Each structure stands twice: as structure tokens, then as C-alpha cells.
file query.cif (mmCIF, C-alpha atoms)
data_model
#
loop_
_atom_site.label_atom_id
_atom_site.label_comp_id
_atom_site.auth_asym_id
_atom_site.auth_seq_id
_atom_site.Cartn_x
_atom_site.Cartn_y
_atom_site.Cartn_z
CA MET A 1 -20.20 39.08 12.64
CA PRO A 2 -21.71 41.65 15.15
CA PHE A 3 -20.50 41.45 18.73
CA HIS A 4 -23.90 40.57 20.24
CA SER A 5 -24.30 37.71 17.75
CA THR A 6 -20.82 36.46 18.65
CA PHE A 7 -21.66 36.61 22.35
CA GLN A 8 -24.91 34.69 21.84
CA HIS A 9 -23.06 32.12 19.76
CA VAL A 10 -20.40 31.66 22.46
CA ALA A 11 -22.94 31.52 25.29
CA LYS A 12 -24.98 28.90 23.46
CA HIS A 13 -21.96 26.67 22.96
CA LEU A 14 -20.88 27.12 26.57
CA VAL A 15 -24.29 25.93 27.76
CA LEU A 16 -24.16 22.96 25.39
CA PHE A 17 -20.63 22.12 26.55
CA TRP A 18 -21.67 22.28 30.21
CA ALA A 19 -24.65 20.00 29.55
CA TRP A 20 -22.43 17.53 27.69
CA TRP A 21 -19.79 17.59 30.42
CA LYS A 22 -22.34 17.01 33.15
CA ALA A 23 -24.42 14.36 31.41
CA GLU A 24 -22.43 12.53 28.74
CA LEU A 25 -19.01 12.51 30.39
CA THR A 26 -20.40 11.61 33.79
CA SER A 27 -22.29 8.68 32.29
CA LEU A 28 -18.99 7.14 31.21
CA ILE A 29 -17.91 6.75 34.85
CA PRO A 30 -19.04 3.43 36.40
CA LEU A 31 -21.86 3.82 38.88
CA ARG A 32 -19.87 2.56 41.86
CA TRP A 33 -17.18 5.18 41.21
CA GLN A 34 -19.79 7.90 40.83
CA GLN A 35 -21.11 6.97 44.25
CA ARG A 36 -17.62 7.01 45.74
CA LEU A 37 -16.59 10.30 44.14
CA ALA A 38 -19.87 12.10 44.84
CA PRO A 39 -19.53 14.56 47.72
CA LYS A 40 -21.18 13.20 50.84
CA GLN A 41 -22.81 15.56 53.28
CA GLU A 42 -24.79 15.26 56.45
CA CYS A 43 -28.50 15.38 55.80
CA ILE A 44 -31.52 15.86 58.03
CA GLY A 45 -34.53 13.85 56.97
CA LEU A 46 -38.06 14.83 57.99
CA SER A 47 -40.75 12.16 57.95
CA VAL A 48 -44.23 13.67 58.26
CA SER A 49 -47.33 11.79 59.33
CA GLU A 50 -50.73 12.95 60.53
CA THR A 51 -49.65 12.81 64.19
CA HIS A 52 -45.85 13.09 64.35
CA ILE A 53 -42.80 14.54 62.67
CA ASP A 54 -39.79 12.22 62.82
CA ILE A 55 -36.40 13.94 62.62
CA LEU A 56 -33.67 11.68 61.27
CA LYS A 57 -30.03 12.18 60.37
CA THR A 58 -27.53 10.58 58.02
CA SER A 59 -23.77 11.17 57.96
CA PRO A 60 -21.05 10.67 55.30
CA SER A 61 -19.95 7.45 56.99
CA GLN A 62 -23.52 6.13 56.97
CA ASN A 63 -24.90 7.69 53.81
CA ASN A 64 -27.45 4.93 53.13
CA THR A 65 -29.00 4.78 56.59
CA PHE A 66 -31.00 7.29 58.62
CA VAL A 67 -30.78 7.40 62.40
CA LYS A 68 -33.86 8.73 64.18
CA LEU A 69 -33.02 11.68 66.40
CA LYS A 70 -36.50 12.58 67.67
CA SER A 71 -40.17 11.93 67.10
CA ILE A 72 -42.26 14.97 68.02
CA PRO A 73 -46.05 15.31 67.87
CA VAL A 74 -47.29 17.65 65.17
CA SER A 75 -49.11 19.73 67.75
CA GLU A 76 -45.87 20.68 69.57
CA VAL A 77 -44.77 23.32 67.08
CA HIS A 78 -42.46 25.06 69.56
CA ALA A 79 -40.61 21.83 70.34
CA ILE A 80 -40.11 21.15 66.64
CA HIS A 81 -38.76 24.71 66.14
CA GLU A 82 -36.30 24.32 69.03
CA CYS A 83 -35.10 20.92 67.82
CA LEU A 84 -34.44 22.15 64.29
CA LYS A 85 -32.80 25.33 65.61
CA ASN A 86 -30.40 23.33 67.80
CA ILE A 87 -29.51 21.04 64.89
CA LYS A 88 -28.83 24.02 62.61
CA SER A 89 -26.70 25.78 65.23
CA ASN A 90 -24.38 22.76 65.38
CA ASN A 91 -23.97 22.57 61.59
CA ASN A 92 -25.12 25.37 59.32
CA ASN A 93 -24.35 23.43 56.09
CA LEU A 94 -26.90 20.66 56.59
CA GLN A 95 -29.23 19.65 53.81
CA TYR A 96 -32.87 19.00 54.58
CA GLY A 97 -34.86 16.33 52.82
CA LEU A 98 -38.41 15.08 52.94
CA ILE A 99 -38.70 11.36 53.65
CA LEU A 100 -41.51 9.33 52.11
CA SER A 101 -42.44 5.76 52.84
CA LYS A 102 -42.92 3.27 50.05
CA THR A 103 -46.69 3.51 50.50
CA ASP A 104 -46.65 7.20 49.54
CA CYS A 105 -45.37 6.59 46.03
CA VAL A 106 -45.45 4.30 43.01
CA GLN A 107 -42.27 2.51 41.99
CA ARG A 108 -41.41 1.05 38.57
CA HIS A 109 -38.35 -1.19 38.21
CA LEU A 110 -36.86 -0.85 34.71
CA THR A 111 -33.67 -1.60 32.81
CA PHE A 112 -31.98 0.78 30.38
CA PRO A 113 -28.96 0.58 28.11
CA LYS A 114 -26.12 2.70 29.41
CA ALA A 115 -27.02 6.37 28.86
CA SER A 116 -26.80 9.76 30.52
CA LYS A 117 -29.24 10.68 33.27
CA ASP A 118 -30.79 13.42 31.14
CA LYS A 119 -31.63 10.94 28.39
CA ILE A 120 -33.15 8.48 30.88
CA ARG A 121 -35.20 11.29 32.42
CA ASP A 122 -36.50 12.36 28.99
CA ILE A 123 -37.56 8.81 28.15
CA LEU A 124 -39.36 8.36 31.49
CA SER A 125 -41.17 11.68 31.02
CA LEU A 126 -42.41 10.67 27.58
CA ASP A 127 -43.47 7.24 28.83
CA LEU A 128 -45.16 8.45 32.03
CA GLU A 129 -48.74 8.80 30.82
CA HIS A 130 -48.59 5.66 28.65
CA ALA A 131 -47.22 3.34 31.34
CA THR A 132 -49.02 4.72 34.43
CA PRO A 133 -52.59 5.80 35.23
CA PHE A 134 -51.37 9.31 36.16
CA LYS A 135 -51.38 12.54 34.22
CA ALA A 136 -47.97 14.19 34.06
CA LYS A 137 -49.39 17.46 35.41
CA ASN A 138 -50.62 15.72 38.58
CA VAL A 139 -47.39 14.04 39.72
CA PHE A 140 -43.76 14.59 40.58
CA HIS A 141 -41.42 11.89 39.31
CA ASP A 142 -37.73 11.06 39.20
CA PHE A 143 -35.55 7.96 39.09
CA SER A 144 -32.73 6.30 40.95
CA ILE A 145 -29.99 4.12 39.40
CA MET A 146 -29.78 1.03 41.60
CA GLY A 147 -27.05 -0.91 39.80
CA GLN A 148 -25.10 -1.40 36.61
CA ASP A 149 -24.14 -4.53 34.64
CA GLN A 150 -20.62 -3.77 33.39
CA ASP A 151 -20.56 -6.68 30.92
CA LYS A 152 -23.80 -5.73 29.16
CA ASP A 153 -23.80 -1.97 29.89
CA ILE A 154 -27.27 -2.28 31.41
CA LEU A 155 -28.59 0.06 34.13
CA ASP A 156 -31.13 -1.03 36.74
CA VAL A 157 -33.43 1.95 37.26
CA THR A 158 -36.25 2.53 39.73
CA HIS A 159 -38.79 5.14 38.63
CA ILE A 160 -40.40 6.96 41.57
CA ILE A 161 -43.79 8.64 41.06
CA VAL A 162 -45.54 10.70 43.75
CA LYS A 163 -48.83 12.54 43.47
CA LYS A 164 -48.43 16.28 43.84
CA MET A 165 -51.29 16.29 46.30
CA ILE A 166 -49.46 13.95 48.69
CA LEU A 167 -46.16 15.78 48.42
CA ASN A 168 -47.73 19.23 48.76
CA GLU A 169 -49.64 18.18 51.89
CA LYS A 170 -46.44 17.08 53.59
CA ARG A 171 -44.63 20.24 52.53
CA GLU A 172 -47.46 22.38 53.87
CA GLN A 173 -47.02 20.68 57.24
CA LEU A 174 -43.34 21.73 57.16
CA ALA A 175 -44.01 25.27 55.90
CA PRO A 176 -44.12 26.89 59.39
CA TYR A 177 -40.55 25.80 60.07
CA ASN A 178 -38.98 27.75 57.16
CA ILE A 179 -37.06 24.75 55.80
CA ALA A 180 -35.57 24.64 52.32
CA LEU A 181 -36.00 21.07 51.15
CA SER A 182 -33.28 19.89 48.76
CA ASN A 183 -34.38 16.34 48.02
CA VAL A 184 -36.84 13.56 48.70
CA ASP A 185 -35.85 10.14 50.00
CA VAL A 186 -37.86 6.93 49.88
CA PHE A 187 -36.94 4.35 52.49
CA GLN A 188 -37.94 1.06 54.08
CA GLU A 189 -39.68 0.83 57.45
CA ASP A 190 -36.31 0.25 59.14
CA HIS A 191 -35.16 3.68 57.89
CA GLU A 192 -32.72 2.22 55.38
CA ARG A 193 -32.58 4.52 52.39
CA THR A 194 -33.42 2.85 49.08
CA HIS A 195 -33.85 5.74 46.66
CA HIS A 196 -32.43 9.24 46.61
CA VAL A 197 -34.37 11.35 44.13
CA ASN A 198 -35.17 14.99 43.38
CA LEU A 199 -38.93 15.32 43.27
CA ILE A 200 -38.85 18.93 44.45
CA HIS A 201 -38.10 21.37 41.66
CA SER A 202 -35.98 24.45 42.16
CA GLU A 203 -38.87 26.84 41.62
CA HIS A 204 -40.58 25.47 44.77
CA GLU A 205 -37.50 25.74 47.00
CA ARG A 206 -36.63 28.53 49.39
CA ILE A 207 -33.46 30.10 48.12
CA THR A 208 -31.18 31.52 50.80
CA GLY A 209 -29.11 34.69 50.46
CA ASN A 210 -25.89 32.66 50.19
CA THR A 211 -27.37 30.67 47.30
CA ILE A 212 -28.38 33.85 45.46
CA THR A 213 -24.91 35.32 45.94
CA ALA A 214 -23.28 32.15 44.70
CA ARG A 215 -25.49 32.05 41.62
CA ILE A 216 -24.82 35.71 40.82
CA ALA A 217 -21.09 35.10 41.18
CA LEU A 218 -21.32 32.09 38.88
CA VAL A 219 -23.22 34.12 36.26
CA LEU A 220 -20.66 36.93 36.46
CA CYS A 221 -17.77 34.51 36.08
CA ILE A 222 -19.40 32.91 33.04
CA ALA A 223 -20.07 36.35 31.53
CA ILE A 224 -16.47 37.52 32.06
CA PHE A 225 -15.13 34.25 30.70
CA SER A 226 -17.43 34.54 27.67
CA LEU A 227 -16.32 38.10 26.97
CA GLY A 228 -12.70 37.07 27.30
CA ILE A 229 -12.86 34.26 24.81
CA SER A 230 -15.37 35.82 22.39
CA ALA A 231 -12.62 37.90 20.75
CA LEU A 232 -10.37 34.84 20.47
CA ILE A 233 -13.21 32.83 18.98
CA GLN A 234 -13.91 35.61 16.48
CA VAL A 235 -10.23 35.67 15.43
CA PHE A 236 -10.15 31.91 15.24
CA HIS A 237 -13.36 31.91 13.18
CA ASN A 238 -11.94 34.46 10.71
CA GLN A 239 -8.67 32.57 10.42
CA SER A 240 -10.55 29.32 9.89
CA GLN A 241 -12.58 30.87 7.08
CA THR A 242 -9.41 32.26 5.46
CA LEU A 243 -7.66 28.91 5.73
CA ALA A 244 -10.71 27.15 4.31
CA GLN A 245 -10.73 29.49 1.31
CA LEU A 246 -7.00 28.97 0.79
CA ASP A 247 -7.49 25.20 0.99
CA GLN A 248 -10.19 25.42 -1.66
CA LYS A 249 -7.96 27.49 -3.96
CA ILE A 250 -5.00 25.15 -3.44
CA ALA A 251 -7.19 22.14 -4.19
CA SER A 252 -8.49 23.83 -7.37
CA VAL A 253 -4.97 24.75 -8.52
CA ARG A 254 -3.70 21.26 -7.75
CA LYS A 255 -6.55 19.73 -9.74
CA THR A 256 -5.81 22.04 -12.70
CA ALA A 257 -2.09 21.24 -12.50
CA LEU A 258 -2.77 17.51 -12.50
CA SER A 259 -5.04 17.91 -15.52
CA ILE A 260 -2.36 19.89 -17.39
CA THR A 261 0.29 17.30 -16.47
CA LYS A 262 -1.89 14.49 -17.83
CA GLN A 263 -2.50 16.45 -21.04
CA GLN A 264 1.23 17.09 -21.44
CA ARG A 265 2.01 13.42 -20.98
CA ALA A 266 -0.67 12.42 -23.49
CA LEU A 267 0.63 15.01 -25.97
CA GLU A 268 4.22 13.80 -25.55
CA GLN A 269 3.14 10.20 -26.06
CA THR A 270 1.18 11.17 -29.18
CA ARG A 271 4.18 13.09 -30.55
CA THR A 272 6.50 10.12 -29.97
CA THR A 273 4.05 7.73 -31.65
CA PHE A 274 3.63 10.07 -34.61
CA GLN A 275 7.39 10.42 -35.08
CA THR A 276 7.84 6.64 -34.93
CA LEU A 277 5.12 6.06 -37.54
CA LEU A 278 6.49 8.83 -39.74
CA LYS A 279 9.95 7.32 -39.61
CA LYS A 280 8.61 3.88 -40.50
CA LYS A 281 6.59 5.33 -43.35
CA GLN A 282 9.66 7.09 -44.74
CA ASN A 283 11.60 3.82 -44.65
CA ILE A 284 8.89 1.81 -46.43
CA PRO A 285 8.93 1.99 -50.24
CA GLN A 286 5.63 2.99 -51.78
CA PHE A 287 3.73 0.66 -54.05
CA LEU A 288 4.14 2.92 -57.09
CA ASP A 289 7.86 3.17 -56.43
CA ILE A 290 8.07 -0.62 -56.36
CA TRP A 291 6.07 -0.99 -59.54
CA ARG A 292 8.10 1.71 -61.28
CA ASN A 293 11.38 0.06 -60.27
CA ILE A 294 10.28 -3.36 -61.53
CA THR A 295 9.04 -2.10 -64.90
CA GLN A 296 12.20 -0.05 -65.41
CA GLU A 297 14.41 -3.08 -64.86
CA LEU A 298 12.43 -5.41 -67.15
CA PRO A 299 13.28 -5.52 -70.90
CA ASP A 300 10.63 -4.70 -73.49
CA THR A 301 10.32 -8.39 -74.38
CA ALA A 302 9.11 -9.26 -70.86
CA SER A 303 5.59 -8.84 -69.50
CA ILE A 304 3.96 -9.20 -66.07
CA ASP A 305 0.45 -10.58 -65.71
CA SER A 306 0.28 -10.90 -61.88
CA LEU A 307 1.65 -8.98 -58.90
CA LYS A 308 0.92 -9.83 -55.27
CA LYS A 309 2.27 -7.80 -52.38
CA ASP A 310 2.29 -8.50 -48.66
CA ARG A 311 4.14 -6.98 -45.69
CA LYS A 312 7.75 -7.65 -46.75
CA THR A 313 7.58 -9.51 -50.06
CA ILE A 314 6.22 -9.16 -53.59
CA GLN A 315 5.37 -12.02 -55.94
CA ILE A 316 5.30 -11.42 -59.67
CA SER A 317 4.57 -13.76 -62.59
CA GLY A 318 4.81 -13.25 -66.32
CA PHE A 319 6.62 -14.13 -69.57
CA ALA A 320 10.09 -13.31 -70.81
CA ALA A 321 12.49 -14.51 -73.48
CA SER A 322 14.92 -15.38 -70.69
CA ALA A 323 13.64 -15.74 -67.11
CA GLU A 324 17.18 -15.98 -65.79
CA ASN A 325 17.91 -12.59 -67.31
CA ILE A 326 14.94 -11.18 -65.31
CA ILE A 327 16.46 -12.54 -62.05
CA GLN A 328 19.79 -10.86 -62.83
CA LEU A 329 18.19 -7.51 -63.68
CA LEU A 330 16.00 -7.34 -60.54
CA SER A 331 18.87 -8.47 -58.26
CA LYS A 332 20.74 -5.29 -59.17
CA SER A 333 18.03 -3.10 -57.62
CA GLU A 334 18.78 -1.79 -54.08
CA MET A 335 15.08 -2.00 -53.30
CA PHE A 336 15.15 -5.80 -53.09
CA ALA A 337 17.19 -7.76 -50.60
CA GLU A 338 16.54 -11.09 -52.28
CA VAL A 339 15.23 -12.22 -55.69
CA LYS A 340 14.44 -15.88 -56.46
CA PHE A 341 12.15 -18.19 -58.41
CA THR A 342 9.22 -19.67 -56.54
CA SER A 343 8.62 -22.41 -59.17
CA PRO A 344 10.49 -23.96 -62.06
CA VAL A 345 10.66 -21.98 -65.30
CA ARG A 346 8.74 -23.57 -68.20
CA MET A 347 8.34 -22.69 -71.86
CA ASP A 348 4.97 -21.46 -73.05
CA GLN A 349 4.51 -22.90 -76.57
CA GLN A 350 1.85 -20.43 -77.63
CA LYS A 351 3.84 -17.31 -76.74
CA ASN A 352 7.19 -18.93 -77.36
CA LYS A 353 8.43 -17.42 -74.07
CA GLU A 354 9.45 -18.71 -70.66
CA ARG A 355 6.82 -18.66 -67.91
CA PHE A 356 8.29 -17.41 -64.57
CA ARG A 357 7.18 -16.83 -60.97
CA ILE A 358 9.57 -14.70 -58.88
CA LEU A 359 9.61 -13.72 -55.17
CA LEU A 360 11.03 -10.27 -54.31
CA LYS A 361 11.98 -9.55 -50.68
CA LEU A 362 11.99 -5.85 -49.82
CA ALA A 363 15.25 -4.45 -48.47
CA SER A 364 13.62 -1.99 -45.93
CA GLU A 365 11.82 -3.04 -42.65
CA GLY A 366 8.20 -2.32 -41.92
CA LYS A 367 4.91 -2.75 -43.57
CA ALA A 368 4.61 -1.47 -47.13
CA SER A 369 1.87 0.98 -47.89
CA ASP A 370 -0.43 1.03 -50.91
CA GLY A 371 0.21 4.74 -51.33
#

call {"tool": "encode", "arguments": {"input": "query.cif", "output": "C-alpha cells"}}
result
Amino acid sequence: MPFHSTFQHVAKHLVLFWAWWKAELTSLIPLRWQQRLAPKQECIGLSVSETHIDILKTSPSQNNTFVKLKSIPVSEVHAIHECLKNIKSNNNNLQYGLILSKTDCVQRHLTFPKASKDKIRDILSLDLEHATPFKAKNVFHDFSIMGQDQDKDILDVTHIIVKKMILNEKREQLAPYNIALSNVDVFQEDHERTHHVNLIHSEHERITGNTITARIALVLCIAIFSLGISALIQVFHNQSQTLAQLDQKIASVRKTALSITKQQRALEQTRTTFQTLLKKKQNIPQFLDIWRNITQELPDTASIDSLKKDRKTIQISGFAASAENIIQLLSKSEMFAEVKFTSPVRMDQQKNKERFRILLKLASEGKASDG
């Protein structure tokens, strides 16, 4: 991977990580803790009307309430300059905000499921032209989270919409005083702050030299940090690819080994079964061997007219001059474990021989085969 591509890849993920950290992680903190943990700073609020400019101040101990310092006619430009100069000389880190009354803006009270501020802002931007009579290009808008239902994870949100014309007129009135406005506040008539929003975008603000220096330093730090970890990320990426390839090869080899093991087991089982069947077959006398043994034992005067064979026994029937002699002859054979009559012997008058039925029990175990 080329170095510039690696740097772009790292920078992209750093930006995504920063956005996630700021939006998603912050949204997990309950609203009341966000308000407590948020840095509080003294702020000078400027309320502009056609005749007067009211200068108000809030402090960290009274962050939700403005205290009016002075109300100076618009025509007394020098007095306004001197007042702001004296305030700045006492505290150079003050923030300046434009204060609007509720009549200068449109407010929408909405509820949202718990989500990050960026997601809420995206939804309000998409819904702006559908839910209000304004065109998005003609207004500034932002929102303020007023409360949170912990049980239901519901946020109470107030959507603030101000026409650009109104806001720009008030900013033009403040232009001679070289003030960098950082926010816009909407408050009640008793100067109690109700909404703290950011209707003024960064491209319209006056950026001081300190701010530029700080931003350059931040960019340099991010660049150095990115260069420092880019090499580590590249090494980690290469190692990850190598490990992934090794994992794939190991998985393939393991799969092949399992397949071979199963085949070996199946082959061994087949071999054992075959040997068992072969042994049984060798121990079982064949049908021709049985027939040959019977006919060899019988005298020439005897004849067989029926032979029935099942798993372990053979039944024969026929004629002989002496059936008892047949029993004695067959009992001598080692092939038969038992020889006996299955019915009484009777004399056949036509053939002048004894009619016999004999049961032969095979000496070997197993099922006899027909050859």
C-alpha cells in the first residue's frame, strides 16, 4: 500500500473516530451530568433593538441568568466602545453572544428517542422545509435539549428557527464594535436564559490570531500523530493479512484432516465387518456340501424325495428299507449336531419300504448359504 494512501486511510479513520467520540459517546452521558461537566465561562450577552443595545453578563455561578450591566442608546457609539473595552480589559477570555427575544424566532417543542446531537440536527434539517413555512436557505436554525426522561430514554428538544434577515440586521448593528460572536441565546423578558444555541456558523465569525494559532497547532499535532502511527498501522495491517491467510490454510488443513479421519474410520469399520462376515461364511457349510454328505451316508436302497433347509436345520423325507439305519448313519456325520425323526415311521405298501421324516440340526453356527 503506497504511503499517501496509508496516510489518507489513517486520517479518514481519525476523523471518524473523533466524530464518534464527540457525538456517540457524549450522548451516553445523562443530560444533567453533561451540564455539570461542561466548562462554564463568563459570557457577555448583547441584546440589540432599534434604539438601544443592552449589555448583559452571566457567570459560572449563574449560568442560566443574565444580569444587565448597561443599556446604551444605539446613537452613542463611543460609549458602547468604551463599555466593551472596559469589560474586555478586565477579562480577555470572555465569550460574546447575541441575545434574541422569543419574538425574534420560531420555536418548535419536540421529543426524540435518545440519540447523538449530530443525528438530531440531521433530522431537524431534513424536516425543516416540511414542518415550517421557511426555506432552509433563508433561515438559521439549531436546537436545545431541555430535558431527558431516563426511564424512557426520551429527549425534550426545542427547535429554534431565526430568519437570516433578522439575525443579519442585528449583527450589522454590532459590526462597528469588532465583536466575534460565539453563540446566540434566546431568553424570557426577565433575562432568564431558556435556550443556548449556535445559530452563527464558523464561516461568519471573526477569527482571532490566538484561534488561528491554536487551530494550526491542533492540525500539526494531528499530522505528527498520524505520521507516527501510520507505520504501526501498516505493520499491523500486513500482520493481520498474514495471520488471516494462515488461519485460512489451517482451517483448510483441519477440514482435510477431519475428512481423512472419517474415511479411515469408515474403512476400518468396513474391514471389520467384512472379516466378520467372511469368518461366518467359512464356518457355515454350503448347501452342496450338505447334500453331498447326506447322499454319501445313505445306502443305495434309500431315496430322498424332499429336502427343506432353513437357518440352522434341514428336514428330509424319503423311503428306506430301515429308517432307523438312516438315523444311525447320519448321526455319525460331524456336520450334524442332532438327528431325529419328526414323525412316526410307517410302512409304504406300494414300495415295500419305510416312510421317514428326519430333522438334521447343523453343527456350525450362523446362517447357511445356498452357495

call {"tool": "resolve_selection", "arguments": {"input": "query.cif", "expression": "the PyMOL selection byres ((chain A and resi 54) around 6)", "output": "list in words"}}
result
Leu46, Ser47, Ile53, Ile55, Lys70 and Ser71 of chain A

call {"tool": "residues_around", "arguments": {"input": "query.cif", "residues": "Phe319 of chain A", "least_positions_apart": "6", "cutoff": "7 Å", "atoms": "all atoms listed in the file", "output": "list in words"}}
result
Ala302, Ser303, Ile304, Lys353, Glu354, Arg355 and Phe356 of chain A

call {"tool": "closest_residue", "arguments": {"input": "query.cif", "among": "A:Phe143, A:Tyr177, A:Phe341, A:Phe336", "to": "Ser317 of chain A", "atoms": "only C-alpha atoms"}}
result
A:Phe341

call {"tool": "resolve_selection", "arguments": {"input": "query.cif", "expression": "the PyMOL selection byres ((chain A and resi 67) around 6)", "output": "number ranges by chain"}}
result
A: 56-57, 66, 68

call {"tool": "residues_around", "arguments": {"input": "query.cif", "residues": "segment 150-165 of chain A", "least_positions_apart": "5", "cutoff": "6 Å", "atoms": "all atoms listed in the file", "output": "list in words"}}
result
Cys105, Val106, Gln107, Arg108, His109, Leu110, Thr111, Phe112, Pro113, Lys114, Asn138, Val139, Phe140, His141, Asp142, Phe143, Ser144 and Ile145 of chain A

call {"tool": "atom_distance", "arguments": {"input": "query.cif", "atom1": "atom CA of Lys137 of chain A", "atom2": "atom CA of Tyr96 of chain A"}}
result
25.4 Å

call {"tool": "atom_distance", "arguments": {"input": "query.cif", "atom1": "atom CA of Thr273 of chain A", "atom2": "atom CA of Ile314 of chain A"}}
result
27.8 Å
